[in-house]
>>> print(open('work_32.cif').read())   # mmCIF, C-alpha atoms
data_start
#
loop_
_atom_site.group_PDB
_atom_site.id
_atom_site.type_symbol
_atom_site.label_atom_id
_atom_site.label_comp_id
_atom_site.auth_asym_id
_atom_site.auth_seq_id
_atom_site.Cartn_x
_atom_site.Cartn_y
_atom_site.Cartn_z
ATOM 1 C CA MET F 279 18.103 32.735 -4.370
ATOM 2 C CA ILE F 280 18.404 29.167 -5.634
ATOM 3 C CA PHE F 281 15.171 27.141 -5.719
ATOM 4 C CA THR F 282 15.431 23.366 -5.314
ATOM 5 C CA ILE F 283 12.565 20.894 -5.385
ATOM 6 C CA ILE F 284 13.006 17.889 -3.109
ATOM 7 C CA ALA F 285 10.488 15.107 -3.663
ATOM 8 C CA ALA F 286 9.981 11.368 -3.471
ATOM 9 C CA TYR F 287 7.375 9.722 -5.638
ATOM 10 C CA ALA F 288 6.330 6.289 -6.838
ATOM 11 C CA GLU F 289 6.649 5.211 -10.468
ATOM 12 C CA ASN F 290 3.079 6.439 -11.051
ATOM 13 C CA ARG F 291 4.091 9.869 -9.557
ATOM 14 C CA VAL F 292 2.082 9.339 -6.319
ATOM 15 C CA ILE F 293 3.604 11.328 -3.440
ATOM 16 C CA GLY F 294 1.067 10.759 -0.691
ATOM 17 C CA LYS F 295 -2.352 9.834 0.562
ATOM 18 C CA ASN F 296 -4.469 11.600 3.192
ATOM 19 C CA ASN F 297 -1.619 14.070 3.819
ATOM 20 C CA LYS F 298 0.834 11.299 4.677
ATOM 21 C CA LEU F 299 3.862 9.752 3.037
ATOM 22 C CA LEU F 300 3.329 6.224 1.756
ATOM 23 C CA TRP F 301 6.751 4.797 2.561
ATOM 24 C CA ARG F 302 9.534 4.696 5.064
ATOM 25 C CA LEU F 303 12.920 5.549 3.497
ATOM 26 C CA PRO F 304 15.398 6.232 6.330
ATOM 27 C CA GLU F 305 18.428 6.822 4.067
ATOM 28 C CA ASP F 306 16.450 9.192 1.855
ATOM 29 C CA MET F 307 15.122 11.114 4.882
ATOM 30 C CA ALA F 308 18.670 11.421 6.257
ATOM 31 C CA ALA F 309 19.844 12.803 2.902
ATOM 32 C CA PHE F 310 16.902 15.259 2.894
ATOM 33 C CA LYS F 311 17.801 16.450 6.382
ATOM 34 C CA ALA F 312 21.487 16.861 5.546
ATOM 35 C CA TYR F 313 20.754 18.754 2.318
ATOM 36 C CA SER F 314 18.083 21.087 3.715
ATOM 37 C CA MET F 315 19.786 21.895 7.037
ATOM 38 C CA GLY F 316 20.510 25.612 7.375
ATOM 39 C CA LYS F 317 18.313 26.480 4.380
ATOM 40 C CA ILE F 318 14.769 27.705 3.862
ATOM 41 C CA VAL F 319 12.138 24.984 3.453
ATOM 42 C CA LEU F 320 9.024 26.124 1.609
ATOM 43 C CA MET F 321 5.879 24.031 1.888
ATOM 44 C CA GLY F 322 2.122 24.156 1.676
ATOM 45 C CA ARG F 323 -0.191 24.142 4.672
ATOM 46 C CA LYS F 324 -1.102 20.458 4.291
ATOM 47 C CA THR F 325 2.553 19.440 4.263
ATOM 48 C CA PHE F 326 3.192 21.559 7.364
ATOM 49 C CA GLU F 327 0.214 19.994 9.146
ATOM 50 C CA SER F 328 1.390 16.490 8.225
ATOM 51 C CA ILE F 329 4.826 17.223 9.724
ATOM 52 C CA GLY F 330 3.172 18.790 12.774
ATOM 53 C CA LYS F 331 5.891 21.302 13.656
ATOM 54 C CA PRO F 332 8.609 23.427 12.061
ATOM 55 C CA LEU F 333 11.636 21.445 10.907
ATOM 56 C CA ALA F 334 14.553 22.151 13.239
ATOM 57 C CA GLY F 335 17.680 23.763 11.836
ATOM 58 C CA ARG F 336 15.812 25.249 8.875
ATOM 59 C CA TYR F 337 13.743 28.370 8.285
ATOM 60 C CA ASN F 338 10.204 27.133 7.567
ATOM 61 C CA VAL F 339 7.940 29.102 5.227
ATOM 62 C CA VAL F 340 4.384 27.825 4.848
ATOM 63 C CA ILE F 341 2.065 28.912 2.040
ATOM 64 C CA THR F 342 -1.555 29.124 3.186
ATOM 65 C CA SER F 343 -4.633 31.088 2.186
ATOM 66 C CA ASN F 344 -4.951 32.264 5.797
ATOM 67 C CA PRO F 345 -1.496 33.225 7.151
ATOM 68 C CA ALA F 346 -2.881 35.318 10.036
ATOM 69 C CA GLU F 347 -4.883 32.401 11.427
ATOM 70 C CA PHE F 348 -1.907 30.029 11.309
ATOM 71 C CA SER F 349 0.497 32.629 12.712
ATOM 72 C CA ALA F 350 -1.827 32.963 15.710
ATOM 73 C CA LYS F 351 -1.868 29.169 16.234
ATOM 74 C CA HIS F 352 1.825 28.437 15.626
ATOM 75 C CA SER F 353 4.742 30.457 16.873
ATOM 76 C CA ALA F 354 8.451 29.739 16.406
ATOM 77 C CA ASP F 355 11.534 31.755 15.544
ATOM 78 C CA ASN F 356 12.095 29.635 12.446
ATOM 79 C CA LEU F 357 8.538 29.770 11.081
ATOM 80 C CA MET F 358 6.649 32.145 8.803
ATOM 81 C CA PHE F 359 3.286 31.914 7.042
ATOM 82 C CA VAL F 360 2.690 33.623 3.685
ATOM 83 C CA ASN F 361 -0.309 33.956 1.394
ATOM 84 C CA GLY F 362 1.394 32.676 -1.756
ATOM 85 C CA PHE F 363 4.529 32.566 -3.855
ATOM 86 C CA GLU F 364 4.186 36.244 -4.722
ATOM 87 C CA GLU F 365 4.368 37.252 -1.059
ATOM 88 C CA TYR F 366 7.341 34.941 -0.552
ATOM 89 C CA PHE F 367 9.146 36.483 -3.543
ATOM 90 C CA GLU F 368 8.772 39.906 -1.889
ATOM 91 C CA LEU F 369 10.461 38.580 1.279
ATOM 92 C CA ILE F 370 13.480 37.040 -0.447
ATOM 93 C CA PRO F 371 15.652 40.192 -0.231
ATOM 94 C CA LEU F 372 15.078 40.308 3.548
ATOM 95 C CA LEU F 373 15.797 36.593 3.999
ATOM 96 C CA SER F 374 18.961 36.872 1.900
ATOM 97 C CA LYS F 375 20.222 39.605 4.255
ATOM 98 C CA ALA F 376 19.312 37.758 7.459
ATOM 99 C CA PRO F 377 22.209 36.802 9.739
ATOM 100 C CA GLU F 378 21.935 33.248 8.372
ATOM 101 C CA ARG F 379 22.355 34.644 4.817
ATOM 102 C CA TYR F 380 19.900 32.201 3.245
ATOM 103 C CA GLU F 381 20.856 31.444 -0.349
ATOM 104 C CA GLU F 382 18.619 28.485 -1.141
ATOM 105 C CA THR F 383 14.960 27.579 -0.812
ATOM 106 C CA CYS F 384 14.093 23.882 -0.691
ATOM 107 C CA ILE F 385 10.557 23.330 -1.965
ATOM 108 C CA ILE F 386 9.290 20.265 -0.098
ATOM 109 C CA GLY F 387 5.657 19.894 -1.117
ATOM 110 C CA GLY F 388 2.921 19.149 -1.509
ATOM 111 C CA ALA F 389 1.567 18.532 -4.961
ATOM 112 C CA GLU F 390 0.087 22.009 -5.509
ATOM 113 C CA ILE F 391 3.254 23.731 -4.317
ATOM 114 C CA TYR F 392 5.439 21.650 -6.653
ATOM 115 C CA LYS F 393 3.125 22.427 -9.569
ATOM 116 C CA LYS F 394 3.081 26.166 -8.850
ATOM 117 C CA ALA F 395 6.855 26.356 -8.404
ATOM 118 C CA LEU F 396 7.409 24.615 -11.729
ATOM 119 C CA GLY F 397 4.755 26.835 -13.331
ATOM 120 C CA PHE F 398 6.526 29.996 -12.160
ATOM 121 C CA GLY F 399 9.720 28.690 -13.790
ATOM 122 C CA ILE F 400 11.766 29.428 -10.655
ATOM 123 C CA VAL F 401 13.152 25.942 -10.034
ATOM 124 C CA ASP F 402 16.916 25.653 -10.604
ATOM 125 C CA LYS F 403 17.470 22.153 -9.293
ATOM 126 C CA MET F 404 15.496 19.010 -8.453
ATOM 127 C CA LEU F 405 16.468 16.247 -6.044
ATOM 128 C CA LEU F 406 14.054 13.463 -6.919
ATOM 129 C CA THR F 407 13.636 10.017 -5.445
ATOM 130 C CA THR F 408 11.733 7.445 -7.468
ATOM 131 C CA VAL F 409 10.293 4.692 -5.306
ATOM 132 C CA HIS F 410 10.060 1.524 -7.393
ATOM 133 C CA ALA F 411 6.562 0.541 -6.325
ATOM 134 C CA LYS F 412 4.162 0.099 -9.234
ATOM 135 C CA LYS F 413 0.795 -0.304 -7.518
ATOM 136 C CA THR F 414 0.997 2.623 -5.131
ATOM 137 C CA GLU F 415 -2.355 4.298 -4.487
ATOM 138 C CA GLY F 416 -2.641 7.864 -3.336
ATOM 139 C CA ASP F 417 -4.434 11.161 -3.739
ATOM 140 C CA ALA F 418 -1.476 13.506 -4.316
ATOM 141 C CA TYR F 419 0.772 13.350 -7.374
ATOM 142 C CA PHE F 420 4.050 14.931 -8.407
ATOM 143 C CA PRO F 421 3.444 17.017 -11.551
ATOM 144 C CA GLU F 422 4.437 15.823 -15.008
ATOM 145 C CA ILE F 423 7.751 17.324 -16.083
ATOM 146 C CA ASN F 424 9.219 17.858 -19.520
ATOM 147 C CA PHE F 425 12.739 16.593 -18.817
ATOM 148 C CA ASP F 426 13.977 18.044 -22.135
ATOM 149 C CA ASN F 427 14.679 21.243 -20.174
ATOM 150 C CA TRP F 428 16.663 19.476 -17.443
ATOM 151 C CA LEU F 429 20.137 18.003 -17.255
ATOM 152 C CA LEU F 430 20.657 14.834 -15.198
ATOM 153 C CA VAL F 431 23.844 15.466 -13.202
ATOM 154 C CA LYS F 432 23.699 12.631 -10.677
ATOM 155 C CA GLN F 433 21.982 9.262 -10.521
ATOM 156 C CA ASN F 434 22.130 6.737 -7.706
ATOM 157 C CA VAL F 435 20.150 3.569 -8.252
ATOM 158 C CA LYS F 436 20.005 1.655 -4.985
ATOM 159 C CA GLU F 437 21.141 -1.782 -6.149
ATOM 160 C CA LYS F 438 21.103 -3.115 -2.618
ATOM 161 C CA ILE F 439 17.597 -2.929 -1.225
ATOM 162 C CA ASP F 440 17.477 -1.265 2.175
ATOM 163 C CA PRO F 441 15.618 -3.666 4.524
ATOM 164 C CA ASN F 442 14.454 -0.652 6.565
ATOM 165 C CA SER F 443 12.644 0.878 3.563
ATOM 166 C CA TYR F 444 9.079 -0.236 2.915
ATOM 167 C CA LEU F 445 5.555 0.866 2.037
ATOM 168 C CA LEU F 446 3.717 1.883 5.199
ATOM 169 C CA ASP F 447 0.569 -0.057 4.234
ATOM 170 C CA ASP F 448 2.535 -3.288 3.627
ATOM 171 C CA SER F 449 1.999 -5.598 6.603
ATOM 172 C CA GLU F 450 4.901 -7.767 5.380
ATOM 173 C CA LYS F 451 7.189 -4.705 5.175
ATOM 174 C CA LYS F 452 8.837 -5.916 1.977
ATOM 175 C CA PRO F 453 12.003 -3.854 1.369
ATOM 176 C CA LEU F 454 11.749 -1.173 -1.321
ATOM 177 C CA LYS F 455 14.124 -0.318 -4.102
ATOM 178 C CA TYR F 456 14.464 3.351 -5.000
ATOM 179 C CA SER F 457 16.617 5.639 -7.130
ATOM 180 C CA LEU F 458 17.918 9.135 -6.478
ATOM 181 C CA TYR F 459 18.296 11.702 -9.247
ATOM 182 C CA THR F 460 19.680 15.231 -9.308
ATOM 183 C CA PHE F 461 18.631 17.498 -12.172
ATOM 184 C CA ILE F 462 19.647 21.076 -12.924
ATOM 185 C CA LYS F 463 17.890 23.459 -15.278
ATOM 186 C CA ASP F 464 19.439 23.185 -18.743
#
>>> encode(input="work_32.cif", output="structure tokens")
Amino acid sequence: MIFTIIAAYAENRVIGKNNKLLWRLPEDMAAFKAYSMGKIVLMGRKTFESIGKPLAGRYNVVITSNPAEFSAKHSADNLMFVNGFEEYFELIPLLSKAPERYEETCIIGGAEIYKKALGFGIVDKMLLTTVHAKKTEGDAYFPEINFDNWLLVKQNVKEKIDPNSYLLDDSEKKPLKYSLYTFIKD
């Protein structure tokens, strides 16, 4: 199983506030959808609640301290609740043999899930978007990473600012500049 982190964060590593994204990045969201389609998406409970439903076209695995409670509340063919990474690791052989033959898990947040995944040393690849917004306030942060152990294989700095991309709390909706990076474990 390949493990890929997908995240967008501001220059100060903020990823969200009050369980919500801080920006609108249509091109980045379209790239996320295209990349994760047909794969497993692994997320924490807060991320799942902020999305509000399982992501279509993907097998959704949600880490929560109370999987039974959430399984009783939410039911879908493409949704599973687990107690932690350890329980998920035990299920990987079954998911790899499923008719869909899942080969990759996209780790999509939140902050605690990113930190734990990096701490376990399971991450093979990272698709990171840096939003060039300096004064972004939030309560969830992407973990610090020692990039000495990672190889930058692709970089796409958006020279042309997308007029449809902006901070959600900006009443003027000033367009945002952002950069996309792909790293693989060195």
>>> closest_residue(input="work_32.cif", among="F:Leu333, F:Ala395, F:Met358, F:Val340", to="Ser314 of chain F", atoms="all atoms listed in the file")
F:Leu333
>>> residues_around(input="work_32.cif", residues="segment 417-434 of chain F", least_positions_apart="2", cutoff="7 Å", atoms="all atoms listed in the file", output="list in words")
Tyr287, Arg291, Val292, Ile293, Gly294, Lys295, Asn296, Ala389, Lys393, Lys436, Ser457, Leu458, Tyr459, Thr460, Phe461, Ile462, Lys463 and Asp464 of chain F
>>> atom_distance(input="work_32.cif", atom1="atom CA of Pro345 of chain F", atom2="atom CA of Ala309 of chain F")
29.8 Å
>>> residues_near_point(input="work_32.cif", point="(10.5, 5.3, -6.0)", cutoff="6 Å", atoms="all atoms listed in the file", output="PyMOL selection string")
chain F and resi 287-289+407-410+456
>>> residues_around(input="work_32.cif", residues="Asn356 of chain F", least_positions_apart="5", cutoff="8 Å", atoms="all atoms listed in the file", output="ChimeraX atom specification")
/F:332,334,336-338
>>> axis_aligned_box(input="work_32.cif", around="segment 300-315 of chain F", padding_each_side="4 Å", output="lines of an AutoDock Vina configuration file")
center_x = 12.4
center_y = 13.3
center_z = 4.4
size_x = 26.2
size_y = 25.2
size_z = 13.3
>>> atom_distance(input="work_32.cif", atom1="atom CA of Arg302 of chain F", atom2="atom CA of Pro453 of chain F")
9.6 Å
>>> atom_distance(input="work_32.cif", atom1="atom CA of Lys403 of chain F", atom2="atom CA of Ala285 of chain F")
11.4 Å
>>> residues_around(input="work_32.cif", residues="segment 376-381 of chain F", least_positions_apart="4", cutoff="8 Å", atoms="all atoms listed in the file", output="number ranges by chain")
F: 279-280, 316-318, 372
>>> residues_near_point(input="work_32.cif", point="(14.6, 18.7, -7.6)", cutoff="6 Å", atoms="all atoms listed in the file", output="PyMOL selection string")
chain F and resi 282-284+403-406
>>> closest_residue(input="work_32.cif", among="F:Ala411, F:Val319, F:Gly362, F:Lys455", to="Ile385 of chain F", atoms="only C-alpha atoms")
F:Val319
>>> resolve_selection(input="work_32.cif", expression="the PyMOL selection byres ((chain F and resi 341) around 7)", output="ChimeraX atom specification")
/F:321-323,339-340,342,359-362
>>> closest_residue(input="work_32.cif", among="F:Ile386, F:Leu299, F:Leu445, F:Ala312", to="Ser328 of chain F", atoms="only C-alpha atoms")
F:Leu299
